[in-house]
>>> print(open('my_file.tsv').read())   # TSV, C-alpha atoms
chain	number	residue	atom	x	y	z
A	350	MET	CA	32.77	149.95	135.15
A	351	SER	CA	33.18	149.33	131.45
A	352	SER	CA	31.48	151.50	128.86
A	353	GLY	CA	28.48	149.14	128.52
A	354	ARG	CA	25.72	148.41	130.93
A	355	CYS	CA	25.35	145.10	132.75
A	356	ALA	CA	22.62	142.71	131.65
A	357	ALA	CA	20.44	143.70	134.59
A	358	CYS	CA	20.59	147.44	133.86
A	359	ARG	CA	20.13	146.83	130.15
A	360	TYR	CA	17.08	144.63	130.82
A	361	LEU	CA	15.61	147.18	133.24
A	362	ARG	CA	16.51	150.04	130.86
A	363	ARG	CA	18.37	152.05	133.42
A	364	ARG	CA	21.78	153.60	133.73
A	365	CYS	CA	24.43	151.25	135.14
A	366	THR	CA	26.49	152.97	137.84
A	367	GLN	CA	29.99	151.99	138.90
A	368	ASP	CA	28.66	150.65	142.20
A	369	CYS	CA	25.92	148.54	140.56
A	370	ILE	CA	25.56	145.46	142.76
A	371	LEU	CA	24.23	143.34	139.89
A	372	SER	CA	26.97	144.00	137.30
A	373	PRO	CA	29.56	141.48	138.59
A	374	TYR	CA	27.01	138.66	138.55
A	375	PHE	CA	25.01	139.50	135.42
A	376	PRO	CA	27.47	140.55	132.71
A	377	SER	CA	26.25	142.17	129.51
A	378	ASN	CA	27.36	139.20	127.37
A	379	ASN	CA	24.77	136.91	129.05
A	380	PRO	CA	21.41	138.76	129.15
A	381	GLN	CA	19.40	135.53	129.50
A	382	ARG	CA	20.93	134.92	132.93
A	383	PHE	CA	19.38	138.04	134.42
A	384	ALA	CA	16.13	137.65	132.48
A	385	SER	CA	15.57	134.22	134.04
A	386	VAL	CA	16.36	135.39	137.56
A	387	HIS	CA	14.23	138.53	137.16
A	388	ARG	CA	11.27	136.52	135.84
A	389	ILE	CA	11.23	134.27	138.91
A	390	TYR	CA	12.47	136.48	141.76
A	391	GLY	CA	12.22	140.07	140.57
A	392	ALA	CA	15.06	142.58	140.31
A	393	SER	CA	14.30	144.27	143.62
A	394	ASN	CA	14.35	141.01	145.58
A	395	VAL	CA	17.59	139.90	143.94
A	396	THR	CA	19.21	143.26	144.71
A	397	LYS	CA	18.09	143.12	148.36
A	398	LEU	CA	19.30	139.53	148.73
A	399	LEU	CA	22.73	140.28	147.27
A	400	GLN	CA	23.12	143.43	149.41
A	401	ARG	CA	22.45	141.47	152.60
A	402	LEU	CA	25.07	138.84	151.83
A	403	PRO	CA	28.80	139.18	152.49
A	404	THR	CA	30.75	139.99	149.34
A	405	HIS	CA	32.49	136.60	149.18
A	406	LEU	CA	29.13	134.74	149.05
A	407	ARG	CA	27.40	136.86	146.43
A	408	SER	CA	28.79	135.04	143.41
A	409	GLU	CA	27.61	131.66	144.68
A	410	ALA	CA	24.22	133.13	145.55
A	411	ALA	CA	23.82	134.58	142.06
A	412	ASP	CA	24.77	131.22	140.52
A	413	SER	CA	22.29	129.45	142.77
A	414	LEU	CA	19.52	131.93	141.95
A	415	TYR	CA	20.16	131.41	138.24
A	416	PHE	CA	20.14	127.62	138.54
A	417	GLU	CA	16.94	127.60	140.60
A	418	ALA	CA	15.28	130.07	138.23
A	419	GLN	CA	16.18	127.90	135.22
A	420	CYS	CA	14.77	124.82	136.95
A	421	ARG	CA	11.59	126.70	137.87
A	422	LEU	CA	11.15	127.87	134.27
A	423	GLU	CA	11.60	124.33	132.95
A	424	ASP	CA	9.40	122.74	135.62
A	425	PRO	CA	7.03	125.36	137.14
A	426	VAL	CA	5.55	122.95	139.68
A	427	TYR	CA	8.59	121.26	141.20
A	428	GLY	CA	11.55	123.35	140.04
A	429	CYS	CA	14.90	122.08	141.28
A	430	VAL	CA	13.16	119.79	143.79
A	431	GLY	CA	11.95	117.69	140.86
A	432	LEU	CA	15.53	117.37	139.63
A	433	ILE	CA	16.73	116.42	143.13
A	434	PHE	CA	14.01	113.77	143.37
A	435	LEU	CA	14.96	112.38	139.95
A	436	LEU	CA	18.62	112.17	140.97
A	437	GLN	CA	17.69	110.43	144.23
A	438	GLN	CA	15.70	107.85	142.25
A	439	GLN	CA	18.69	107.26	139.99
A	440	ILE	CA	20.95	106.80	143.02
A	441	HIS	CA	18.50	104.33	144.57
A	442	SER	CA	18.26	102.41	141.30
A	443	ALA	CA	22.05	102.28	140.95
A	444	GLU	CA	22.42	101.10	144.57
A	445	SER	CA	19.84	98.35	143.99
A	446	GLN	CA	21.60	97.26	140.83
A	447	LEU	CA	24.95	97.25	142.68
A	448	ILE	CA	23.53	95.04	145.45
A	449	LYS	CA	22.07	92.65	142.88
A	450	THR	CA	25.37	92.48	141.01
A	451	GLN	CA	27.32	91.89	144.22
A	452	ALA	CA	24.96	89.04	145.11
A	453	GLU	CA	25.43	87.50	141.66
A	454	ILE	CA	29.22	87.74	142.07
A	455	ALA	CA	29.00	86.05	145.46
A	456	VAL	CA	26.92	83.22	143.98
A	457	MET	CA	29.39	82.75	141.13
A	458	LYS	CA	32.34	82.74	143.53
A	459	SER	CA	30.67	80.13	145.71
A	460	GLN	CA	29.99	77.98	142.64
A	461	THR	CA	33.64	78.12	141.57
A	462	GLN	CA	34.82	77.27	145.09
A	463	HIS	CA	32.48	74.26	145.33
A	464	PRO	CA	32.47	72.61	141.88
A	465	GLN	CA	30.80	69.37	143.08
A	466	THR	CA	27.50	71.19	143.57
A	467	GLN	CA	26.12	71.92	140.15
A	468	PRO	CA	23.14	74.16	139.64
A	469	PHE	CA	20.13	72.25	138.38
A	470	ARG	CA	18.82	72.87	134.88
A	471	ALA	CA	15.22	73.84	134.34
A	472	ILE	CA	13.19	71.14	132.64
A	473	SER	CA	9.77	71.94	131.28
A	474	GLY	CA	7.10	71.64	133.91
A	475	SER	CA	7.29	72.49	137.58
A	476	ASN	CA	7.12	68.83	138.70
A	477	ASN	CA	10.22	67.93	136.68
A	478	LEU	CA	12.01	70.95	138.15
A	479	LEU	CA	11.21	69.80	141.67
A	480	LEU	CA	12.26	66.23	140.85
A	481	GLN	CA	15.59	67.35	139.43
A	482	GLN	CA	16.22	69.60	142.43
A	483	SER	CA	15.46	66.75	144.83
A	484	ASP	CA	17.77	64.45	142.80
A	485	ASN	CA	20.57	67.03	143.11
A	486	ASP	CA	19.91	67.32	146.84
A	487	ALA	CA	19.98	63.51	147.22
A	488	ASN	CA	23.25	63.30	145.27
A	489	LEU	CA	24.73	66.01	147.46
A	490	ILE	CA	23.68	64.20	150.65
A	491	PHE	CA	24.96	60.88	149.31
A	492	SER	CA	28.33	62.35	148.30
A	493	ASN	CA	28.67	64.00	151.73
A	494	GLN	CA	27.95	60.68	153.46
A	495	VAL	CA	30.50	58.84	151.29
A	496	SER	CA	33.21	61.41	151.95
A	497	SER	CA	32.55	61.40	155.71
A	498	GLY	CA	32.80	57.57	155.90
A	499	PHE	CA	29.16	56.72	156.79
A	500	ILE	CA	28.64	54.54	153.75
>>> encode(input="my_file.tsv", output="structure tokens")
Amino acid sequence: MSSGRCAACRYLRRRCTQDCILSPYFPSNNPQRFASVHRIYGASNVTKLLQRLPTHLRSEAADSLYFEAQCRLEDPVYGCVGLIFLLQQQIHSAESQLIKTQAEIAVMKSQTQHPQTQPFRAISGSNNLLLQQSDNDANLIFSNQVSSGFI
């Protein structure tokens, strides 16, 4: 152990021993890390949790405890679940936007492959719009009949 105490022992105002279980995960140069974890979980609970874990998992557990404590301090009601929900909403929105964009690409590709069918232009009034659409449909039917030899 170095000459100084870890952040946990410094915060708790106790002597830091060489076998302090908290010192590898709460270094003295980052006292806020332990303060956040202690405020949410308590030093005793954190110590018990880390002691029960295998040594190779303790670092990840301490990181997770710190992240969850920070989220809980920022959002006392939902904590990290609120962040997860927000990210899921963003994923859903991005997926919806991707589907819409893919559909627009498919429409544009079909328009470039079939240049004889032109999209109708909107004219003021819904009756004019319907008339123009029916004119386009009639032209399409007529051109199909001419090309197939019926007329």
>>> atom_distance(input="my_file.tsv", atom1="atom CA of A:Pro403", atom2="atom CA of A:Tyr374")
14.1 Å
>>> closest_residue(input="my_file.tsv", among="A:Val395, A:Ile389, A:Ala410, A:Ile454", to="A:Leu422", atoms="only C-alpha atoms")
A:Ile389
>>> atom_distance(input="my_file.tsv", atom1="atom CA of A:Gln381", atom2="atom CA of A:Gln419")
10.1 Å
>>> atom_distance(input="my_file.tsv", atom1="atom CA of A:Ala384", atom2="atom CA of A:Ile433")
23.8 Å
>>> closest_residue(input="my_file.tsv", among="A:Ala455, A:Phe383, A:Pro373, A:Arg354", to="A:Ser408", atoms="only C-alpha atoms")
A:Pro373
>>> decode(input="my_file.tsv", residues="stretch 367-397 of chain A", atoms="N, CA and C atoms", output="short mmCIF file (atom, residue, chain, number, x, y, z; two decimals), in the first residue's frame")
data_model
loop_
_atom_site.label_atom_id
_atom_site.label_comp_id
_atom_site.auth_asym_id
_atom_site.auth_seq_id
_atom_site.Cartn_x
_atom_site.Cartn_y
_atom_site.Cartn_z
N GLN A 367 -3.04 -2.55 4.46
CA GLN A 367 -2.51 -3.08 3.19
C GLN A 367 -3.50 -4.02 2.52
N ASP A 368 -4.34 -4.67 3.31
CA ASP A 368 -5.31 -5.59 2.73
C ASP A 368 -6.70 -4.95 2.56
N CYS A 369 -6.76 -3.64 2.48
CA CYS A 369 -8.03 -2.92 2.30
C CYS A 369 -8.65 -3.36 0.98
N ILE A 370 -9.85 -3.88 1.06
CA ILE A 370 -10.52 -4.39 -0.15
C ILE A 370 -11.00 -3.26 -1.06
N LEU A 371 -11.16 -2.07 -0.52
CA LEU A 371 -11.68 -0.96 -1.31
C LEU A 371 -10.59 -0.17 -2.04
N SER A 372 -9.35 -0.26 -1.59
CA SER A 372 -8.29 0.60 -2.15
C SER A 372 -8.02 0.38 -3.64
N PRO A 373 -8.08 -0.83 -4.19
CA PRO A 373 -7.83 -0.94 -5.64
C PRO A 373 -8.92 -0.30 -6.50
N TYR A 374 -10.10 -0.16 -5.96
CA TYR A 374 -11.25 0.28 -6.76
C TYR A 374 -11.64 1.73 -6.48
N PHE A 375 -11.14 2.28 -5.40
CA PHE A 375 -11.43 3.67 -5.03
C PHE A 375 -10.13 4.37 -4.66
N PRO A 376 -9.34 4.74 -5.67
CA PRO A 376 -8.04 5.35 -5.40
C PRO A 376 -8.19 6.75 -4.78
N SER A 377 -7.14 7.17 -4.12
CA SER A 377 -7.19 8.45 -3.40
C SER A 377 -7.32 9.65 -4.35
N ASN A 378 -6.94 9.51 -5.60
CA ASN A 378 -7.02 10.64 -6.53
C ASN A 378 -8.43 10.87 -7.08
N ASN A 379 -9.40 10.01 -6.72
CA ASN A 379 -10.78 10.17 -7.18
C ASN A 379 -11.74 9.97 -6.00
N PRO A 380 -11.80 10.92 -5.06
CA PRO A 380 -12.65 10.74 -3.88
C PRO A 380 -14.14 10.76 -4.19
N GLN A 381 -14.53 11.43 -5.28
CA GLN A 381 -15.96 11.51 -5.62
C GLN A 381 -16.52 10.14 -5.98
N ARG A 382 -15.69 9.28 -6.52
CA ARG A 382 -16.13 7.93 -6.91
C ARG A 382 -16.67 7.18 -5.69
N PHE A 383 -15.91 7.16 -4.62
CA PHE A 383 -16.38 6.46 -3.43
C PHE A 383 -17.54 7.19 -2.76
N ALA A 384 -17.50 8.51 -2.75
CA ALA A 384 -18.57 9.28 -2.12
C ALA A 384 -19.93 8.96 -2.76
N SER A 385 -19.95 8.85 -4.07
CA SER A 385 -21.20 8.53 -4.78
C SER A 385 -21.69 7.13 -4.42
N VAL A 386 -20.78 6.17 -4.46
CA VAL A 386 -21.15 4.79 -4.16
C VAL A 386 -21.60 4.66 -2.70
N HIS A 387 -20.88 5.32 -1.80
CA HIS A 387 -21.22 5.26 -0.37
C HIS A 387 -22.59 5.89 -0.12
N ARG A 388 -22.89 6.99 -0.80
CA ARG A 388 -24.16 7.68 -0.60
C ARG A 388 -25.35 6.80 -0.99
N ILE A 389 -25.19 6.00 -2.03
CA ILE A 389 -26.29 5.17 -2.50
C ILE A 389 -26.32 3.81 -1.80
N TYR A 390 -25.18 3.13 -1.69
CA TYR A 390 -25.16 1.75 -1.21
C TYR A 390 -24.65 1.59 0.21
N GLY A 391 -23.83 2.50 0.68
CA GLY A 391 -23.24 2.36 2.00
C GLY A 391 -21.93 1.58 1.93
N ALA A 392 -20.97 2.00 2.74
CA ALA A 392 -19.64 1.39 2.71
C ALA A 392 -19.67 -0.08 3.11
N SER A 393 -20.46 -0.41 4.10
CA SER A 393 -20.52 -1.80 4.56
C SER A 393 -21.07 -2.72 3.48
N ASN A 394 -22.12 -2.30 2.81
CA ASN A 394 -22.70 -3.13 1.75
C ASN A 394 -21.74 -3.30 0.58
N VAL A 395 -21.03 -2.25 0.23
CA VAL A 395 -20.07 -2.33 -0.87
C VAL A 395 -18.94 -3.28 -0.50
N THR A 396 -18.46 -3.18 0.74
CA THR A 396 -17.38 -4.06 1.21
C THR A 396 -17.84 -5.52 1.18
N LYS A 397 -19.03 -5.79 1.67
CA LYS A 397 -19.56 -7.16 1.67
C LYS A 397 -19.71 -7.70 0.24
#
